[in-house]
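Undergrad: First the structure, then my questions, so here it is.
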Amino acid sequence: MRRFALGGKLIYYTFLSDEYYGRFKNAHEGEHAAAMALLEKAVKKEYGLDRLPEIVKGEHGKPYFKDSSIKFSLSHCKGMAVCAVYQKETGIDCEGCGRTNFRAAKRFFTAEEFAELEEAEEKERSRVLAEIWTAKEAYGKALGTGLFGGLSEITLMNREKAGDICLKQFRIYRDKEEFILTAALLGEKITDNEPVFCEILL
């Protein structure tokens, strides 16, 4: 497990191996378990809590801690799980590069975003898709609406700021694999601090 800080905003992420996936009935179960383990480690290390506060869901399904000022966001994809904890509304999303789902892009991308995807060089398209997709996901999570909160009508060509939401994207590598990770924060800029790694057993 690795941790890096972004101007006080804390993001934990971990890579998931084939051996790890073998412990679970399906991939989603294993990825969700990893994200929850990251969250538990994060709140214990950063806030001194020995156990997670009760988790409930908002109107649009976003999980949050009941009776706590700590905000968090979770995400996972094949090979990675990630969480963010902070005192302000936050969103986090990760996606591996290497596949290009034009059907999903047509459904959720605006015309401008889809044009950017189509105009990208073929070898760059999966990365461009991951950058746009994770930006929209993180943005929606920070707002609490998710992808179904009208994001197909919101263009995020500038993936640094959209309204009151500030965004920051990172490229994370494991051997030859590349992951795009996007963090979103309501009302506060995410600084350019270099990642600070902290190994913790999952």
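Labels for the structure tokens follow display order: chains A, B, ..., residues from 1 in each chain, ligands from 1.
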Show me a table, sorted first by chain and then by increasing residue number, of the residues of segment 125-187 of chain A having an atom at most 8 Å from segment 83-106 of chain A, each with its shortest atom pair and the distance in Å to one decimal, counting only C-alpha atoms and written as CSV.

TA:
residue,atom,partner,partner_atom,distance
A:Arg125,CA,A:Thr100,CA,6.7
A:Ser126,CA,A:Thr100,CA,5.0
A:Arg127,CA,A:Cys97,CA,5.3
A:Leu129,CA,A:Thr100,CA,6.7
A:Ala130,CA,A:Glu95,CA,5.8
A:Trp133,CA,A:Ala105,CA,7.9
A:Thr134,CA,A:Asp93,CA,5.2
A:Ala135,CA,A:Asp93,CA,7.5
A:Glu137,CA,A:Asp93,CA,6.1
A:Ala138,CA,A:Gly91,CA,4.4
A:Tyr139,CA,A:Gly91,CA,6.3
A:Gly140,CA,A:Gly91,CA,7.3
A:Lys141,CA,A:Gly91,CA,4.6
A:Ala142,CA,A:Gly91,CA,4.3
A:Leu143,CA,A:Glu89,CA,7.4
A:Glu177,CA,A:Cys97,CA,7.4
A:Glu178,CA,A:Cys97,CA,5.6
A:Phe179,CA,A:Gly96,CA,4.2
A:Ile180,CA,A:Glu95,CA,5.4
A:Leu181,CA,A:Cys94,CA,4.4
A:Thr182,CA,A:Asp93,CA,5.4
A:Ala183,CA,A:Ile92,CA,4.6
A:Ala184,CA,A:Gly91,CA,4.9
A:Leu185,CA,A:Thr90,CA,4.6
A:Leu186,CA,A:Glu89,CA,5.5

Undergrad: I want to know what sits within 8 Å of Glu112 of chain A, based on only C-alpha atoms, with residues of the same chain fewer than 4 positions away left out; could you give that as a ChimeraX atom specification?

TA: /A:116,155,157

Undergrad: Could you jot down the atom CA of Lys44 of chain A to atom CA of Ser73 of chain A separation for me, Å, one decimal place?

TA: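 We find that atom CA of Lys44 of chain A and atom CA of Ser73 of chain A lie 15.6 Å from each other.
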
Undergrad: Apply DSSP to the backbone of this structure and, from chain A, keep only the residues in strand (DSSP E); write these as a CSV table (one decimal) with N, CA and C atoms, in the first residue's frame.

TA:
chain,number,residue,atom,x,y,z
A,2,ARG,N,0.5,2.2,-0.8
A,2,ARG,CA,1.3,3.5,-0.8
A,2,ARG,C,0.4,4.7,-0.5
A,3,ARG,N,1.1,5.7,0.0
A,3,ARG,CA,0.3,6.9,0.4
A,3,ARG,C,1.0,8.1,-0.2
A,4,PHE,N,0.3,9.1,-0.7
A,4,PHE,CA,0.9,10.4,-1.0
A,4,PHE,C,0.0,11.5,-0.7
A,5,ALA,N,0.6,12.6,-0.3
A,5,ALA,CA,-0.2,13.8,0.2
A,5,ALA,C,-0.2,14.9,-0.8
A,6,LEU,N,-1.4,15.5,-1.0
A,6,LEU,CA,-1.6,16.6,-1.9
A,6,LEU,C,-2.1,17.8,-1.2
A,9,LYS,N,-4.5,16.9,1.3
A,9,LYS,CA,-5.4,15.9,0.9
A,9,LYS,C,-4.7,14.6,0.8
A,10,LEU,N,-5.2,13.6,1.4
A,10,LEU,CA,-4.5,12.3,1.5
A,10,LEU,C,-5.1,11.2,0.6
A,11,ILE,N,-4.3,10.6,-0.2
A,11,ILE,CA,-4.7,9.6,-1.1
A,11,ILE,C,-3.9,8.3,-0.9
A,12,TYR,N,-4.5,7.2,-0.7
A,12,TYR,CA,-3.9,5.9,-0.5
A,12,TYR,C,-4.2,5.1,-1.7
A,13,TYR,N,-3.2,4.3,-2.2
A,13,TYR,CA,-3.5,3.4,-3.3
A,13,TYR,C,-2.7,2.1,-3.1
A,14,THR,N,-3.2,1.1,-3.7
A,14,THR,CA,-2.5,-0.2,-3.7
A,14,THR,C,-2.7,-0.9,-5.0
A,15,PHE,N,-1.7,-1.7,-5.4
A,15,PHE,CA,-1.9,-2.6,-6.6
A,15,PHE,C,-2.4,-4.0,-6.1
A,55,ILE,N,-21.0,4.0,8.1
A,55,ILE,CA,-21.0,4.4,6.7
A,55,ILE,C,-22.5,4.4,6.2
A,56,VAL,N,-23.0,5.5,5.7
A,56,VAL,CA,-24.3,5.5,5.1
A,56,VAL,C,-24.2,6.1,3.7
A,57,LYS,N,-25.3,6.0,2.9
A,57,LYS,CA,-25.3,6.5,1.6
A,57,LYS,C,-26.2,7.7,1.4
A,63,PRO,N,-21.2,7.1,-0.6
A,63,PRO,CA,-21.1,6.8,0.8
A,63,PRO,C,-20.4,7.9,1.6
A,64,TYR,N,-20.8,8.0,2.9
A,64,TYR,CA,-20.2,9.0,3.7
A,64,TYR,C,-20.3,8.5,5.2
A,65,PHE,N,-19.4,9.1,6.0
A,65,PHE,CA,-19.4,8.7,7.4
A,65,PHE,C,-20.6,9.5,8.2
A,71,LYS,N,-14.4,13.4,5.3
A,71,LYS,CA,-15.0,13.1,4.0
A,71,LYS,C,-14.0,12.0,3.3
A,72,PHE,N,-14.6,11.1,2.5
A,72,PHE,CA,-13.8,10.2,1.8
A,72,PHE,C,-14.4,9.8,0.5
A,73,SER,N,-13.6,9.2,-0.3
A,73,SER,CA,-14.0,8.7,-1.6
A,73,SER,C,-13.2,7.4,-2.0
A,74,LEU,N,-13.8,6.5,-2.6
A,74,LEU,CA,-13.2,5.2,-3.0
A,74,LEU,C,-13.3,5.0,-4.5
A,75,SER,N,-12.3,4.2,-5.0
A,75,SER,CA,-12.4,3.8,-6.4
A,75,SER,C,-11.5,2.5,-6.5
A,76,HIS,N,-11.9,1.8,-7.5
A,76,HIS,CA,-11.0,0.6,-7.9
A,76,HIS,C,-11.3,0.2,-9.3
A,77,CYS,N,-10.3,-0.4,-9.9
A,77,CYS,CA,-10.3,-0.9,-11.2
A,77,CYS,C,-9.5,-2.2,-11.3
A,80,MET,N,-6.0,-2.2,-9.3
A,80,MET,CA,-5.7,-1.1,-8.4
A,80,MET,C,-6.9,-0.8,-7.5
A,81,ALA,N,-6.7,-0.3,-6.3
A,81,ALA,CA,-7.7,0.3,-5.4
A,81,ALA,C,-7.2,1.5,-4.9
A,82,VAL,N,-8.1,2.5,-4.6
A,82,VAL,CA,-7.6,3.8,-4.1
A,82,VAL,C,-8.7,4.4,-3.2
A,83,CYS,N,-8.2,5.2,-2.3
A,83,CYS,CA,-9.2,6.0,-1.4
A,83,CYS,C,-8.6,7.4,-1.1
A,84,ALA,N,-9.4,8.3,-0.9
A,84,ALA,CA,-9.0,9.7,-0.5
A,84,ALA,C,-9.8,10.1,0.8
A,85,VAL,N,-9.1,10.7,1.7
A,85,VAL,CA,-9.7,11.2,2.9
A,85,VAL,C,-9.3,12.7,3.1
A,86,TYR,N,-10.3,13.5,3.5
A,86,TYR,CA,-10.1,14.9,3.7
A,86,TYR,C,-11.2,15.5,4.5
A,90,THR,N,-14.6,15.4,-1.4
A,90,THR,CA,-13.6,15.0,-2.3
A,90,THR,C,-14.1,13.9,-3.2
A,91,GLY,N,-13.4,13.7,-4.3
A,91,GLY,CA,-13.7,12.6,-5.2
A,91,GLY,C,-12.4,12.0,-5.7
A,92,ILE,N,-12.4,10.7,-6.0
A,92,ILE,CA,-11.2,10.0,-6.5
A,92,ILE,C,-11.7,8.9,-7.5
A,93,ASP,N,-10.9,8.8,-8.5
A,93,ASP,CA,-11.2,7.7,-9.5
A,93,ASP,C,-9.9,7.2,-10.1
A,94,CYS,N,-9.9,5.9,-10.5
A,94,CYS,CA,-8.7,5.3,-11.1
A,94,CYS,C,-9.2,4.5,-12.3
A,95,GLU,N,-8.3,4.4,-13.3
A,95,GLU,CA,-8.6,3.5,-14.5
A,95,GLU,C,-7.3,3.1,-15.1
A,96,GLY,N,-7.3,1.9,-15.5
A,96,GLY,CA,-6.1,1.4,-16.2
A,96,GLY,C,-6.1,1.7,-17.7
A,161,LYS,N,-9.7,22.4,-13.4
A,161,LYS,CA,-10.7,23.1,-12.6
A,161,LYS,C,-12.0,23.1,-13.4
A,162,ALA,N,-13.1,22.9,-12.7
A,162,ALA,CA,-14.5,23.0,-13.3
A,162,ALA,C,-15.4,23.6,-12.3
A,165,ILE,N,-14.9,22.9,-8.4
A,165,ILE,CA,-14.1,21.7,-8.3
A,165,ILE,C,-12.8,21.8,-8.9
A,166,CYS,N,-11.7,21.5,-8.1
A,166,CYS,CA,-10.3,21.5,-8.6
A,166,CYS,C,-10.0,20.0,-8.8
A,167,LEU,N,-9.2,19.8,-9.9
A,167,LEU,CA,-8.9,18.4,-10.3
A,167,LEU,C,-7.4,18.3,-10.5
A,168,LYS,N,-6.9,17.1,-10.2
A,168,LYS,CA,-5.5,16.8,-10.4
A,168,LYS,C,-5.3,15.4,-10.9
A,169,GLN,N,-4.6,15.2,-12.0
A,169,GLN,CA,-4.4,13.8,-12.5
A,169,GLN,C,-2.9,13.4,-12.4
A,170,PHE,N,-2.8,12.0,-12.2
A,170,PHE,CA,-1.5,11.4,-12.0
A,170,PHE,C,-1.5,10.2,-12.8
A,171,ARG,N,-0.3,9.9,-13.3
A,171,ARG,CA,0.0,8.6,-14.0
A,171,ARG,C,0.8,7.7,-13.0
A,172,ILE,N,0.2,6.6,-12.7
A,172,ILE,CA,0.8,5.6,-11.8
A,172,ILE,C,1.2,4.4,-12.6
A,173,TYR,N,2.4,3.9,-12.4
A,173,TYR,CA,2.9,2.7,-13.2
A,173,TYR,C,3.2,1.5,-12.3
A,174,ARG,N,2.9,0.4,-12.9
A,174,ARG,CA,3.3,-0.9,-12.3
A,174,ARG,C,3.9,-1.8,-13.4
A,177,GLU,N,2.3,-1.6,-16.9
A,177,GLU,CA,0.9,-1.2,-16.8
A,177,GLU,C,0.9,0.3,-16.4
A,178,GLU,N,-0.1,1.0,-16.9
A,178,GLU,CA,-0.2,2.4,-16.6
A,178,GLU,C,-1.6,2.7,-16.1
A,179,PHE,N,-1.8,3.4,-15.1
A,179,PHE,CA,-3.0,3.8,-14.5
A,179,PHE,C,-3.2,5.3,-14.4
A,180,ILE,N,-4.4,5.8,-14.7
A,180,ILE,CA,-4.7,7.2,-14.5
A,180,ILE,C,-5.5,7.4,-13.2
A,181,LEU,N,-5.0,8.2,-12.4
A,181,LEU,CA,-5.7,8.5,-11.1
A,181,LEU,C,-6.1,10.0,-11.1
A,182,THR,N,-7.4,10.3,-10.9
A,182,THR,CA,-7.8,11.7,-10.8
A,182,THR,C,-8.4,12.0,-9.5
A,183,ALA,N,-7.9,13.1,-8.8
A,183,ALA,CA,-8.5,13.5,-7.6
A,183,ALA,C,-9.3,14.8,-7.8
A,184,ALA,N,-10.4,15.0,-7.1
A,184,ALA,CA,-11.2,16.2,-7.2
A,184,ALA,C,-11.5,16.7,-5.8
A,185,LEU,N,-11.4,18.0,-5.6
A,185,LEU,CA,-11.6,18.6,-4.3
A,185,LEU,C,-12.5,19.9,-4.5
A,186,LEU,N,-13.5,20.0,-3.6
A,186,LEU,CA,-14.4,21.1,-3.6
A,186,LEU,C,-13.8,22.3,-3.0

Undergrad: Could you give me, as a ChimeraX atom specification, each residue of segment 66-180 of chain A that DSSP assigns to alpha helix (DSSP H) when run on this structure's backbone?

TA: /A:102-108,111-119,125-143

Undergrad: Go ahead and save the picked residues with C-alpha atoms, as a compact mmCIF listing (two decimals), in the first residue's frame.

TA:
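Result file follows (result.txt):
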# COMPACT_ATOMS: atom_id res chain seq x y z
CA PHE A 102 -16.29 3.86 -27.31
CA ARG A 103 -19.82 2.78 -26.33
CA ALA A 104 -19.43 4.09 -22.79
CA ALA A 105 -17.63 7.20 -24.08
CA LYS A 106 -20.51 8.02 -26.43
CA ARG A 107 -22.94 7.68 -23.56
CA PHE A 108 -21.17 9.85 -21.00
CA ALA A 111 -19.36 16.05 -28.18
CA GLU A 112 -16.15 17.98 -27.45
CA GLU A 113 -14.76 15.23 -25.23
CA PHE A 114 -15.64 12.50 -27.72
CA ALA A 115 -14.00 14.50 -30.48
CA GLU A 116 -10.82 14.73 -28.37
CA LEU A 117 -10.88 10.95 -28.01
CA GLU A 118 -11.41 10.35 -31.74
CA GLU A 119 -8.69 12.83 -32.72
CA ARG A 125 -6.65 6.79 -27.14
CA SER A 126 -6.89 4.50 -24.11
CA ARG A 127 -4.99 7.05 -22.02
CA VAL A 128 -7.15 9.95 -23.24
CA LEU A 129 -10.28 7.94 -22.46
CA ALA A 130 -8.98 7.14 -18.97
CA GLU A 131 -8.12 10.81 -18.36
CA ILE A 132 -11.59 12.04 -19.37
CA TRP A 133 -13.43 9.19 -17.67
CA THR A 134 -11.64 9.51 -14.32
CA ALA A 135 -12.01 13.30 -14.39
CA LYS A 136 -15.78 12.98 -14.84
CA GLU A 137 -16.05 10.28 -12.18
CA ALA A 138 -13.97 12.20 -9.62
CA TYR A 139 -15.86 15.42 -10.39
CA GLY A 140 -19.21 13.68 -9.92
CA LYS A 141 -18.07 12.06 -6.68
CA ALA A 142 -16.90 15.40 -5.25
CA LEU A 143 -20.34 16.83 -6.06

Undergrad: Quick one, how far is atom CA of Ala37 of chain A from atom CA of Ser17 of chain A?

TA: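 Atom CA of Ser17 of chain A lies 15.4 Å from atom CA of Ala37 of chain A.
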
Undergrad: What separation in Å, quoted to one decimal, exists between atom CA of Glu54 of chain A and atom CA of Asp67 of chain A?

TA: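 That distance, rounded to one decimal, is 8.1 Å.
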
Undergrad: For each of A:Ala42, A:Asn158, A:Asp175, A:Asp164, take the minimum atom-to-atom distance to Gly187 of chain A, counting only C-alpha atoms, then give the residue where this is smallest.

TA: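 Answer, going by the shortest atom-to-atom distance: A:Asp164.
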
Undergrad: Which residues come within 8 Å of Leu52 of chain A, counting only C-alpha atoms, excluding same-chain residues fewer than 3 positions away, as a list in words?

TA: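 Surrounding residues, per the criterion: Glu40, Val43, Leu49 and Ile55 of chain A.
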
Undergrad: Restricted to all heavy atoms, what would the selected residues look like written as a PDB file, in the first residue's frame?

TA:
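And here's out_30.pdb as it stands now:
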ATOM      1  N   GLU A  40      -9.763   2.156   5.983  1.00  0.00           N
ATOM      2  CA  GLU A  40      -9.551   1.874   7.400  1.00  0.00           C
ATOM      3  C   GLU A  40      -8.149   2.282   7.837  1.00  0.00           C
ATOM      4  O   GLU A  40      -7.964   2.892   8.902  1.00  0.00           O
ATOM      5  CB  GLU A  40      -9.781   0.386   7.665  1.00  0.00           C
ATOM      6  CG  GLU A  40      -9.755   0.013   9.136  1.00  0.00           C
ATOM      7  CD  GLU A  40     -10.146  -1.431   9.382  1.00  0.00           C
ATOM      8  OE1 GLU A  40     -10.503  -2.126   8.404  1.00  0.00           O
ATOM      9  OE2 GLU A  40     -10.091  -1.869  10.547  1.00  0.00           O
ATOM     10  N   VAL A  43      -7.921   6.371   7.873  1.00  0.00           N
ATOM     11  CA  VAL A  43      -8.537   7.100   8.992  1.00  0.00           C
ATOM     12  C   VAL A  43      -7.816   6.780  10.311  1.00  0.00           C
ATOM     13  O   VAL A  43      -7.765   7.629  11.215  1.00  0.00           O
ATOM     14  CB  VAL A  43     -10.045   6.806   9.108  1.00  0.00           C
ATOM     15  CG1 VAL A  43     -10.791   7.265   7.870  1.00  0.00           C
ATOM     16  CG2 VAL A  43     -10.315   5.347   9.381  1.00  0.00           C
ATOM     17  N   LEU A  49      -8.362   6.999  14.434  1.00  0.00           N
ATOM     18  CA  LEU A  49      -9.559   6.210  14.719  1.00  0.00           C
ATOM     19  C   LEU A  49      -9.244   4.722  14.597  1.00  0.00           C
ATOM     20  O   LEU A  49      -8.701   4.274  13.591  1.00  0.00           O
ATOM     21  CB  LEU A  49     -10.685   6.579  13.753  1.00  0.00           C
ATOM     22  CG  LEU A  49     -11.128   8.043  13.749  1.00  0.00           C
ATOM     23  CD1 LEU A  49     -12.268   8.241  12.764  1.00  0.00           C
ATOM     24  CD2 LEU A  49     -11.548   8.488  15.138  1.00  0.00           C
ATOM     25  N   ILE A  55     -20.963   3.953   8.073  1.00  0.00           N
ATOM     26  CA  ILE A  55     -21.045   4.450   6.699  1.00  0.00           C
ATOM     27  C   ILE A  55     -22.491   4.353   6.209  1.00  0.00           C
ATOM     28  O   ILE A  55     -23.131   3.302   6.318  1.00  0.00           O
ATOM     29  CB  ILE A  55     -20.129   3.650   5.763  1.00  0.00           C
ATOM     30  CG1 ILE A  55     -18.656   3.842   6.172  1.00  0.00           C
ATOM     31  CG2 ILE A  55     -20.323   4.073   4.309  1.00  0.00           C
ATOM     32  CD1 ILE A  55     -17.670   3.017   5.363  1.00  0.00           C
TER      33      ILE A  55
END

Undergrad: Using only C-alpha atoms for the distances, tell me which of A:Phe109, A:Asp18, A:Phe24, A:His60 is nearest to Leu156 of chain A.

TA: A:Phe109
